[in-house]
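So this block is run-v2.txt, compact mmCIF, C-alpha atoms:
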# COMPACT_ATOMS: atom_id res chain seq x y z
CA MET A 414 45.24 36.78 7.57
CA ALA A 415 44.97 36.27 3.78
CA ASN A 416 46.53 33.32 2.00
CA ASN A 417 49.29 34.03 -0.47
CA LEU A 418 47.24 32.39 -3.24
CA ILE A 419 44.24 30.09 -3.37
CA THR A 420 45.25 27.41 -5.89
CA PRO A 421 43.35 24.51 -7.50
CA VAL A 422 45.13 22.22 -5.02
CA LYS A 423 43.60 24.08 -2.07
CA ILE A 424 40.21 24.18 -3.77
CA ALA A 425 40.28 20.44 -4.48
CA LEU A 426 41.36 19.48 -0.95
CA THR A 427 38.72 21.72 0.59
CA ALA A 428 36.06 20.37 -1.77
CA ILE A 429 36.85 16.76 -0.77
CA GLU A 430 36.53 17.59 2.91
CA LEU A 431 33.17 19.25 2.28
CA TRP A 432 32.04 16.33 0.11
CA LYS A 433 32.53 13.88 2.97
CA ASN A 434 29.95 15.75 5.05
CA SER A 435 27.61 17.26 2.47
CA ASN A 436 25.06 14.57 1.55
CA ALA A 437 23.76 12.00 4.03
CA PHE A 438 23.02 9.32 1.46
CA VAL A 439 26.30 9.64 -0.47
CA ARG A 440 28.42 9.51 2.66
CA SER A 441 26.56 6.46 4.01
CA VAL A 442 26.99 4.09 1.04
CA THR A 443 30.16 2.15 0.25
CA GLN A 444 32.59 4.48 -1.52
CA GLU A 445 35.53 3.17 -3.51
CA TYR A 446 38.44 4.76 -5.33
CA VAL A 447 39.57 2.84 -8.43
CA ASN A 448 43.30 3.53 -8.56
CA GLU A 449 44.06 1.81 -11.87
CA PHE A 450 43.45 5.15 -13.62
CA ALA A 451 45.69 7.18 -11.34
CA ARG A 452 48.33 7.81 -13.99
CA THR A 453 46.45 8.38 -17.20
CA GLY A 454 42.96 9.33 -16.07
CA ALA A 455 39.80 7.49 -17.06
CA LYS A 456 37.24 8.00 -19.80
CA ALA A 457 33.50 7.58 -19.49
CA GLY A 458 32.37 4.06 -20.40
CA THR A 459 34.94 2.06 -18.44
CA GLN A 460 33.35 -1.04 -16.88
CA ILE A 461 34.25 -2.75 -13.62
CA ARG A 462 32.90 -6.16 -12.57
CA ILE A 463 31.97 -6.48 -8.91
CA ARG A 464 31.49 -9.94 -7.42
CA LYS A 465 28.32 -10.51 -5.38
CA PRO A 466 28.01 -12.89 -2.38
CA VAL A 467 27.76 -16.59 -3.22
CA ASP A 468 24.74 -18.61 -2.05
CA PHE A 469 25.03 -22.26 -0.90
CA ILE A 470 22.57 -24.90 0.27
CA VAL A 471 23.19 -26.50 3.69
CA GLN A 472 22.98 -30.32 3.62
CA THR A 473 22.17 -32.72 6.46
CA GLY A 474 24.01 -35.93 7.38
CA PRO A 475 27.42 -37.43 6.50
CA THR A 476 26.71 -37.67 2.78
CA THR A 477 27.28 -34.57 0.70
CA THR A 478 26.71 -33.51 -2.85
CA VAL A 479 29.41 -31.13 -4.05
CA GLN A 480 27.75 -27.94 -5.23
CA ASP A 481 28.86 -25.91 -8.19
CA VAL A 482 30.08 -22.46 -7.22
CA VAL A 483 27.78 -20.16 -9.16
CA GLU A 484 29.15 -16.65 -8.82
CA SER A 485 27.14 -13.66 -9.89
CA TYR A 486 28.44 -10.24 -10.79
CA THR A 487 27.24 -6.70 -11.10
CA THR A 488 28.79 -4.56 -13.80
CA LEU A 489 29.55 -1.06 -12.66
CA THR A 490 30.01 1.36 -15.55
CA VAL A 491 32.04 4.49 -14.87
CA ALA A 492 29.78 6.48 -17.14
CA THR A 493 28.86 9.72 -15.44
CA GLN A 494 30.92 12.89 -15.39
CA LYS A 495 29.48 15.85 -13.54
CA ASN A 496 30.98 19.31 -13.39
CA GLU A 497 30.34 22.78 -12.08
CA SER A 498 32.07 25.93 -13.29
CA PHE A 499 32.35 29.39 -11.79
CA SER A 500 34.53 32.44 -12.27
CA PHE A 501 36.19 34.81 -9.83
CA SER A 502 38.72 37.63 -9.99
CA SER A 503 42.41 37.51 -9.19
CA ALA A 504 41.65 39.52 -6.07
CA ASP A 505 39.47 36.68 -4.83
CA LEU A 506 42.49 34.40 -4.91
CA THR A 507 43.97 36.33 -1.97
CA MET A 508 40.89 35.87 0.22
CA VAL A 509 40.97 33.92 3.46
CA ILE A 510 40.22 30.31 2.47
CA ASP A 511 37.19 30.19 4.82
CA ASP A 512 35.58 33.12 3.01
CA PHE A 513 36.40 31.64 -0.39
CA THR A 514 34.92 28.33 0.72
CA ARG A 515 31.72 29.97 1.92
CA ARG A 516 31.23 31.95 -1.30
CA TYR A 517 32.29 29.42 -3.91
CA ILE A 518 33.30 25.92 -2.84
CA ARG A 519 30.59 24.99 -0.33
CA PRO A 520 27.61 25.74 -2.65
CA ALA A 521 29.32 23.96 -5.53
CA VAL A 522 30.06 20.80 -3.55
CA ASN A 523 26.62 20.73 -1.95
CA ASN A 524 24.90 20.77 -5.36
CA MET A 525 27.37 18.29 -6.87
CA ALA A 526 26.92 15.75 -4.08
CA GLY A 527 23.15 16.19 -4.30
CA ALA A 528 23.21 15.46 -8.03
CA VAL A 529 25.23 12.28 -7.45
CA ALA A 530 22.83 11.22 -4.69
CA GLY A 531 19.91 11.77 -7.05
CA ASP A 532 21.51 9.45 -9.62
CA MET A 533 21.99 6.77 -7.00
CA MET A 534 18.43 7.08 -5.71
CA SER A 535 17.17 6.70 -9.29
CA ALA A 536 19.29 3.56 -9.74
CA ILE A 537 17.58 1.99 -6.74
CA GLU A 538 14.14 2.85 -8.15
CA GLY A 539 13.85 -0.17 -10.45
CA GLN A 540 15.93 -2.67 -8.46
CA SER A 541 14.84 -2.76 -4.83
CA SER A 542 11.65 -4.69 -4.11
CA GLY A 543 11.65 -4.34 -0.33
CA TRP A 544 8.46 -2.70 0.95
CA ALA A 545 7.03 -1.49 4.24
CA ALA A 546 4.00 0.76 4.69
CA THR A 547 0.99 1.58 6.84
CA TYR A 548 -2.55 1.42 5.39
CA ASP A 549 -6.05 2.36 6.42
CA SER A 550 -8.90 -0.16 6.08
CA SER A 551 -9.51 0.94 2.48
CA GLY A 552 -5.92 0.39 1.35
CA ASN A 553 -4.82 4.02 1.32
CA LEU A 554 -1.29 4.78 2.46
CA LEU A 555 -0.82 6.44 5.84
CA THR A 556 2.19 8.02 7.54
CA PRO A 557 4.40 5.05 8.49
CA THR A 558 4.12 3.86 12.07
CA MET A 559 6.86 2.35 14.19
CA ALA A 560 5.73 -1.08 12.96
CA ALA A 561 6.42 -0.10 9.34
CA TRP A 562 9.99 0.94 10.17
CA LEU A 563 10.56 -2.24 12.18
CA ASN A 564 9.16 -4.37 9.35
CA ALA A 565 11.62 -2.70 6.98
CA ALA A 566 14.49 -3.74 9.25
CA ALA A 567 13.05 -7.25 9.54
CA ASN A 568 12.91 -7.50 5.75
CA LEU A 569 16.65 -6.86 5.53
CA THR A 570 17.33 -9.52 8.15
CA LEU A 571 15.20 -12.09 6.30
CA ASN A 572 17.27 -11.33 3.20
CA SER A 573 20.52 -12.26 5.01
CA VAL A 574 21.94 -8.78 5.48
CA PRO A 575 25.59 -9.39 6.50
CA ASP A 576 25.71 -7.28 9.65
CA SER A 577 23.40 -5.45 11.97
CA ARG A 578 24.14 -1.92 10.74
CA MET A 579 21.02 -0.37 9.27
CA LEU A 580 20.49 3.18 8.07
CA ALA A 581 17.27 5.10 7.48
CA VAL A 582 17.36 7.92 4.91
CA THR A 583 14.22 10.01 5.02
CA HIS A 584 12.62 12.84 3.10
CA PRO A 585 12.48 16.00 5.30
CA SER A 586 8.67 15.80 5.39
CA SER A 587 8.82 12.14 6.43
CA MET A 588 11.33 13.00 9.13
CA ALA A 589 8.92 15.63 10.45
CA ASN A 590 6.05 13.13 10.38
CA SER A 591 8.12 10.48 12.16
CA VAL A 592 9.32 12.85 14.88
CA ALA A 593 5.71 13.83 15.55
CA THR A 594 4.54 10.19 15.51
CA PHE A 595 7.36 8.77 17.65
CA SER A 596 7.79 11.60 20.16
CA ASN A 597 5.90 9.80 22.94
CA LEU A 598 7.08 6.28 22.17
CA PHE A 599 10.79 6.24 23.06
CA ASN A 600 11.97 5.71 26.62
CA SER A 601 15.27 7.54 26.24
CA GLN A 602 14.64 11.02 27.65
CA GLN A 603 17.91 12.26 26.16
CA ARG A 604 16.85 11.22 22.67
CA ILE A 605 13.38 12.71 23.10
CA GLY A 606 15.05 15.96 24.11
CA GLN A 607 17.28 15.87 21.02
CA GLN A 608 14.25 15.27 18.80
CA TYR A 609 12.44 18.20 20.37
CA GLU A 610 15.43 20.53 20.12
CA ASN A 611 16.68 19.53 16.66
CA GLY A 612 13.50 18.29 14.97
CA VAL A 613 15.20 15.11 13.74
CA ILE A 614 15.63 11.50 14.83
CA THR A 615 19.29 10.47 15.06
CA HIS A 616 19.19 6.89 16.32
CA ALA A 617 16.08 4.80 16.96
CA LEU A 618 14.71 1.30 16.38
CA GLY A 619 18.21 -0.04 15.79
CA MET A 620 18.84 2.40 12.92
CA ASP A 621 20.88 5.53 12.35
CA TRP A 622 18.56 8.14 10.79
CA MET A 623 19.48 10.79 8.23
CA ASN A 624 17.46 13.63 6.73
CA GLU A 625 17.96 13.82 2.95
CA VAL A 626 16.39 16.27 0.50
CA THR A 627 17.24 14.08 -2.55
CA THR A 628 14.81 11.34 -1.43
CA LEU A 629 12.57 10.46 -4.39
CA VAL A 630 8.81 10.87 -4.69
CA HIS A 631 7.28 8.00 -6.68
CA THR A 632 4.01 8.03 -8.66
CA THR A 633 2.57 4.60 -9.47
CA GLY A 634 0.95 3.57 -12.74
CA THR A 635 -2.77 3.63 -13.43
CA LEU A 636 -3.23 -0.14 -12.95
CA ALA A 637 -6.88 -1.07 -13.24
CA ALA A 638 -8.09 2.35 -12.17
CA SER A 639 -11.66 1.09 -12.08
CA GLY A 640 -12.81 -2.29 -10.81
CA SER A 641 -9.67 -3.00 -8.78
CA THR A 642 -10.26 -4.28 -5.26
CA TYR A 643 -8.08 -4.09 -2.17
CA THR A 644 -7.18 -7.14 -0.08
CA ALA A 645 -5.30 -6.59 3.18
CA GLY A 646 -1.87 -8.19 3.11
CA LYS A 647 -1.86 -8.38 -0.68
CA GLY A 648 -2.76 -5.03 -2.19
CA TRP A 649 -4.84 -3.83 -5.13
CA SER A 650 -5.76 -6.49 -7.72
CA PHE A 651 -5.14 -5.50 -11.33
CA GLY A 652 -4.22 -8.52 -13.46
CA THR A 653 -3.71 -12.27 -13.68
CA VAL A 654 -0.87 -14.63 -14.53
CA SER A 655 -1.10 -16.40 -17.90
CA GLY A 656 0.50 -19.85 -17.71
CA ALA A 657 1.70 -21.92 -14.78
CA ASN A 658 5.27 -22.82 -13.70
CA GLN A 659 6.87 -19.58 -14.81
CA THR A 660 10.40 -18.70 -13.72
CA GLY A 661 12.83 -15.90 -14.52
CA SER A 662 12.81 -12.12 -14.66
CA SER A 663 9.42 -11.53 -16.28
CA ILE A 664 5.84 -12.69 -15.76
CA THR A 665 3.54 -13.52 -18.67
CA THR A 666 0.09 -12.13 -17.97
CA ALA A 667 -3.33 -11.61 -19.43
CA ALA A 668 -3.52 -8.21 -21.16
CA LEU A 669 -3.24 -5.52 -18.51
CA THR A 670 -5.96 -2.91 -18.17
CA GLY A 671 -3.68 -0.17 -16.87
CA THR A 672 -0.06 0.91 -16.75
CA LEU A 673 2.77 0.07 -14.40
CA LYS A 674 5.72 2.36 -13.74
CA LYS A 675 9.32 1.42 -13.14
CA GLY A 676 9.63 1.13 -9.37
CA ASP A 677 6.06 -0.05 -8.71
CA ILE A 678 5.89 -2.91 -6.19
CA ILE A 679 3.70 -5.96 -6.90
CA ARG A 680 2.76 -9.29 -5.33
CA ILE A 681 1.34 -12.51 -6.81
CA ALA A 682 -1.25 -14.61 -4.99
CA GLY A 683 0.22 -17.84 -3.65
CA VAL A 684 3.85 -16.85 -4.29
CA ASN A 685 5.52 -16.67 -0.89
CA ALA A 686 9.00 -15.36 -0.13
CA VAL A 687 11.72 -17.51 1.42
CA ASN A 688 14.15 -16.80 4.22
CA ARG A 689 17.37 -16.33 2.21
CA ILE A 690 19.42 -18.19 4.84
CA THR A 691 17.23 -21.21 5.61
CA LYS A 692 15.14 -21.19 2.40
CA ALA A 693 12.09 -21.72 4.63
CA ASP A 694 8.70 -20.20 3.84
CA THR A 695 8.35 -16.77 5.50
CA GLY A 696 4.56 -16.95 5.26
CA LEU A 697 4.59 -13.61 3.43
CA LEU A 698 3.94 -12.90 -0.23
CA GLN A 699 7.14 -12.07 -2.10
CA THR A 700 7.33 -8.45 -3.24
CA PHE A 701 8.66 -7.77 -6.74
CA VAL A 702 9.71 -4.46 -8.24
CA VAL A 703 8.73 -3.57 -11.81
CA THR A 704 12.05 -2.92 -13.58
CA ALA A 705 10.70 -0.96 -16.58
CA ASP A 706 7.55 0.92 -17.52
CA VAL A 707 4.70 -1.33 -18.71
CA ALA A 708 2.00 -0.04 -21.06
CA SER A 709 -1.71 -0.75 -20.80
CA GLY A 710 -2.54 -3.87 -22.82
CA ALA A 711 0.91 -5.43 -22.27
CA THR A 712 1.12 -9.17 -21.63
CA SER A 713 4.32 -9.36 -19.58
CA ILE A 714 5.85 -7.58 -16.59
CA PRO A 715 9.63 -7.35 -16.05
CA ILE A 716 10.46 -7.97 -12.39
CA TYR A 717 13.17 -8.24 -9.75
CA PRO A 718 13.98 -10.50 -8.04
CA ALA A 719 13.63 -13.26 -10.58
CA LEU A 720 11.11 -16.01 -9.92
CA THR A 721 13.42 -18.75 -8.60
CA PRO A 722 11.38 -21.51 -6.89
CA SER A 723 12.57 -24.74 -5.27
CA ASN A 724 13.26 -27.73 -7.51
CA ALA A 725 10.42 -30.17 -6.77
CA GLY A 726 10.48 -29.06 -3.15
CA VAL A 727 14.29 -29.13 -2.85
CA SER A 728 15.93 -25.80 -2.05
CA VAL A 729 18.24 -24.25 -4.66
CA PRO A 730 20.90 -21.50 -4.49
CA TYR A 731 19.56 -17.95 -4.89
CA GLN A 732 16.02 -19.20 -4.27
CA THR A 733 13.55 -16.32 -3.94
CA VAL A 734 10.10 -17.97 -3.73
CA MET A 735 8.57 -21.18 -2.49
CA SER A 736 6.85 -21.97 -5.80
CA SER A 737 5.97 -20.53 -9.19
CA PRO A 738 2.62 -18.77 -9.59
CA ALA A 739 -0.40 -20.78 -10.67
CA ASN A 740 -2.19 -20.05 -13.92
CA SER A 741 -4.67 -17.20 -13.42
CA ALA A 742 -3.10 -16.22 -10.08
CA VAL A 743 -4.10 -12.68 -9.18
CA ILE A 744 -1.42 -9.97 -9.39
CA TYR A 745 -1.57 -7.15 -6.86
CA CYS A 746 0.06 -3.75 -6.59
CA VAL A 747 0.87 -2.60 -3.05
CA THR A 748 -0.63 0.85 -3.72
CA ALA A 749 -3.78 2.18 -5.34
CA ALA A 750 -3.66 3.56 -8.89
CA SER A 751 -1.72 6.82 -9.36
CA SER A 752 -0.55 6.94 -5.74
CA GLN A 753 2.24 9.32 -4.76
CA TYR A 754 4.61 8.55 -1.92
CA ARG A 755 8.03 9.48 -0.61
CA LYS A 756 10.52 6.63 -0.97
CA ASN A 757 12.29 6.63 2.37
CA LEU A 758 14.95 3.92 2.54
CA VAL A 759 16.16 1.51 5.19
CA PHE A 760 19.35 -0.16 3.99
CA ASN A 761 22.75 -1.62 4.74
CA PRO A 762 25.73 0.43 3.44
CA MET A 763 27.03 -2.58 1.48
CA ALA A 764 23.89 -2.60 -0.68
CA VAL A 765 25.08 0.29 -2.85
CA THR A 766 28.54 1.21 -4.15
CA LEU A 767 29.81 4.52 -5.48
CA ALA A 768 33.12 4.17 -7.36
CA MET A 769 35.08 7.30 -8.28
CA VAL A 770 38.06 7.43 -10.64
CA ASP A 771 40.66 9.98 -11.66
CA LEU A 772 39.93 12.13 -14.68
CA GLU A 773 42.56 13.15 -17.22
CA GLY A 774 44.91 15.61 -15.54
CA ASP A 775 47.00 16.90 -18.45
CA LEU A 776 44.91 19.78 -19.78
CA ALA A 777 46.76 22.21 -22.06
CA GLY A 778 47.07 25.72 -20.62
CA ALA A 779 45.19 24.97 -17.41
CA ASN A 780 46.30 24.82 -13.80
CA VAL A 781 45.03 21.38 -12.76
CA SER A 782 44.85 19.51 -9.49
CA ARG A 783 43.61 15.93 -9.04
CA GLN A 784 43.09 14.91 -5.43
CA THR A 785 41.97 11.64 -3.87
CA GLN A 786 40.99 10.88 -0.31
CA ASP A 787 38.81 8.30 1.43
CA GLY A 788 37.39 6.88 -1.81
CA ILE A 789 36.78 10.32 -3.36
CA SER A 790 38.48 11.67 -6.49
CA MET A 791 38.07 15.24 -7.72
CA ARG A 792 39.68 17.35 -10.39
CA VAL A 793 39.86 21.14 -10.26
CA ALA A 794 41.06 23.05 -13.33
CA SER A 795 41.53 26.84 -13.52
CA GLN A 796 42.73 29.20 -16.26
CA TRP A 797 43.39 32.94 -16.06
CA ILE A 798 41.85 35.20 -18.75
CA PHE A 799 44.16 38.07 -19.67
CA THR A 800 41.47 40.45 -20.95
CA THR A 801 39.15 40.30 -17.92
CA ASP A 802 41.42 39.25 -15.05
CA GLN A 803 38.98 36.44 -14.31
CA ASN A 804 39.74 32.83 -13.35
CA PRO A 805 37.15 30.43 -14.79
CA THR A 806 37.36 27.28 -12.67
CA ARG A 807 35.62 23.96 -12.95
CA LEU A 808 35.21 21.08 -10.54
CA ASP A 809 34.71 17.59 -12.04
CA VAL A 810 33.99 14.10 -10.77
CA LEU A 811 33.79 10.87 -12.79
CA TYR A 812 31.99 7.98 -11.17
CA GLY A 813 29.82 4.93 -11.49
CA ASN A 814 27.33 3.50 -9.05
CA ALA A 815 25.81 0.07 -8.68
CA VAL A 816 23.15 -1.52 -6.53
CA LEU A 817 25.04 -4.65 -5.47
CA MET A 818 22.35 -6.18 -3.27
CA PRO A 819 18.86 -4.75 -3.86
CA GLU A 820 17.60 -7.17 -1.20
CA TRP A 821 19.39 -5.11 1.43
CA ILE A 822 17.24 -2.04 0.70
CA THR A 823 13.61 -1.54 1.74
CA THR A 824 11.33 1.36 0.88
CA VAL A 825 9.23 2.82 3.68
CA ALA A 826 6.40 4.67 1.94
CA ASP A 827 5.04 7.98 3.20
CA PRO A 828 2.11 9.41 1.18
CA VAL A 829 2.43 12.90 -0.29
Rewrite the coordinates I just gave you, this time as structure tokens.
Amino acid sequence: MANNLITPVKIALTAIELWKNSNAFVRSVTQEYVNEFARTGAKAGTQIRIRKPVDFIVQTGPTTTVQDVVESYTTLTVATQKNESFSFSSADLTMVIDDFTRRYIRPAVNNMAGAVAGDMMSAIEGQSSGWAATYDSSGNLLTPTMAAWLNAAANLTLNSVPDSRMLAVTHPSSMANSVATFSNLFNSQQRIGQQYENGVITHALGMDWMNEVTTLVHTTGTLAASGSTYTAGKGWSFGTVSGANQTGSSITTAALTGTLKKGDIIRIAGVNAVNRITKADTGLLQTFVVTADVASGATSIPIYPALTPSNAGVSVPYQTVMSSPANSAVIYCVTAASSQYRKNLVFNPMAVTLAMVDLEGDLAGANVSRQTQDGISMRVASQWIFTTDQNPTRLDVLYGNAVLMPEWITTVADPV
């Protein structure tokens, strides 16, 4: 039975319901609705400060030294407006809503959510330094084994992830590789049957798994394309530190003989990571992500996390490494020059936030609906054209996203 009229209100409500189930990555991160713009609507450029967890040092014995509370913030800028527009006839407005959804709303929402997911994946690219991979004896990447996925989860735990919930978002090709690799390793016959029937992993190794087409493929810089050597547990050597006792968000180096790309992962000889809870030495080299492209011949590398060593052997808040690198310490990249790999992610939902706000709703001459639900805000505007009997309609979202805790995200590399 046909509806009397399919209005922007019905379109918006249907779109929100589809949004909640359309993109695995978007629906798995923390989603927030910022209601301070509910009356007037927001404009691109609005900034929101989000407080990050505080870090303290545990002291022993009856004597205590009162610590300063050093709070850190992430600024989330509501800067991105995305829209899709389509046109249909007045006759289409009398369709059954399921048919209208199939023809118009579902494809629009699927592409919109995918575009938002792509933005969020790109934001992670230069912020998350977590790394897990499988190598052959020559340092070439291989399809990740069970150990790589488990090491990714362990990395989150060592970085004081607040709860045990971990999610794995995989490229479809990586999902296929993992199903093939793991098919004989799980004891649960029910889950093996589901993998065989559906071709996907749903829950394994303490993680909920999701197949996501917006997963990025990363290509590393050229590094020292010739003369670089591979050392197991460290990576491919390509440069040296210039000057001892460095701290902060960049490393001064001897002139580099190749490029680095934003998102490349590096290590520094002798610079071990700390357990973020106990501040004890993990025995593993700290991984750093390159936060911006670096040209050949450059003498510094921007990194995250910042080099924050102990103070003369005494632990400090937000400590990331046991000690600063020595002068001439070798710098390694975890992949060979010009490697390509799929950036599958293991993460905690609290690591990333998507904040949506209301757009302006008073649009002259248009039939407008703004709807909010479960942290999602959408605007649908439609206007009838007298000469063609068409109804151009557009769907808009305004949002910002922030990586609150890059430490709670680890890349599991799968070579292309």
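With distances restricted to all atoms listed in the file, A:Ala826 is the closest residue to Thr628 of chain A from A:Val729, A:Leu767, A:Ala826, A:Ala668.
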Interatomic distance between atom CA of Pro819 of chain A and atom CA of Asp621 of chain A?
19.3 Å
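Between atom CA of Ser498 of chain A and atom CA of Gln786 of chain A the separation is 21.8 Å.
Shortest atom-to-atom contact with Arg689 of chain A among A:Pro730, A:Gly652, A:Pro585, A:Pro828: A:Pro730, counting all atoms listed in the file.
Across the model, the gap from atom CA of Thr632 of chain A to atom CA of Val759 of chain A is 19.5 Å.
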Nearby residues (only C-alpha atoms) at most 7 Å from Pro762 of chain A, same-chain spacing under 2 positions excluded, as number ranges by chain
A: 441-443, 760, 764-765
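Nearest to Ser741 of chain A of all the residues A:Ala526, A:Ile664, A:Ile424, A:Ala645 is A:Ile664, counting all atoms listed in the file.
Between Ala566 of chain A and the candidates A:Val529, A:Val770, A:Ile822, A:Val582, the tightest atom-to-atom separation, counting all atoms listed in the file, involves A:Ile822.
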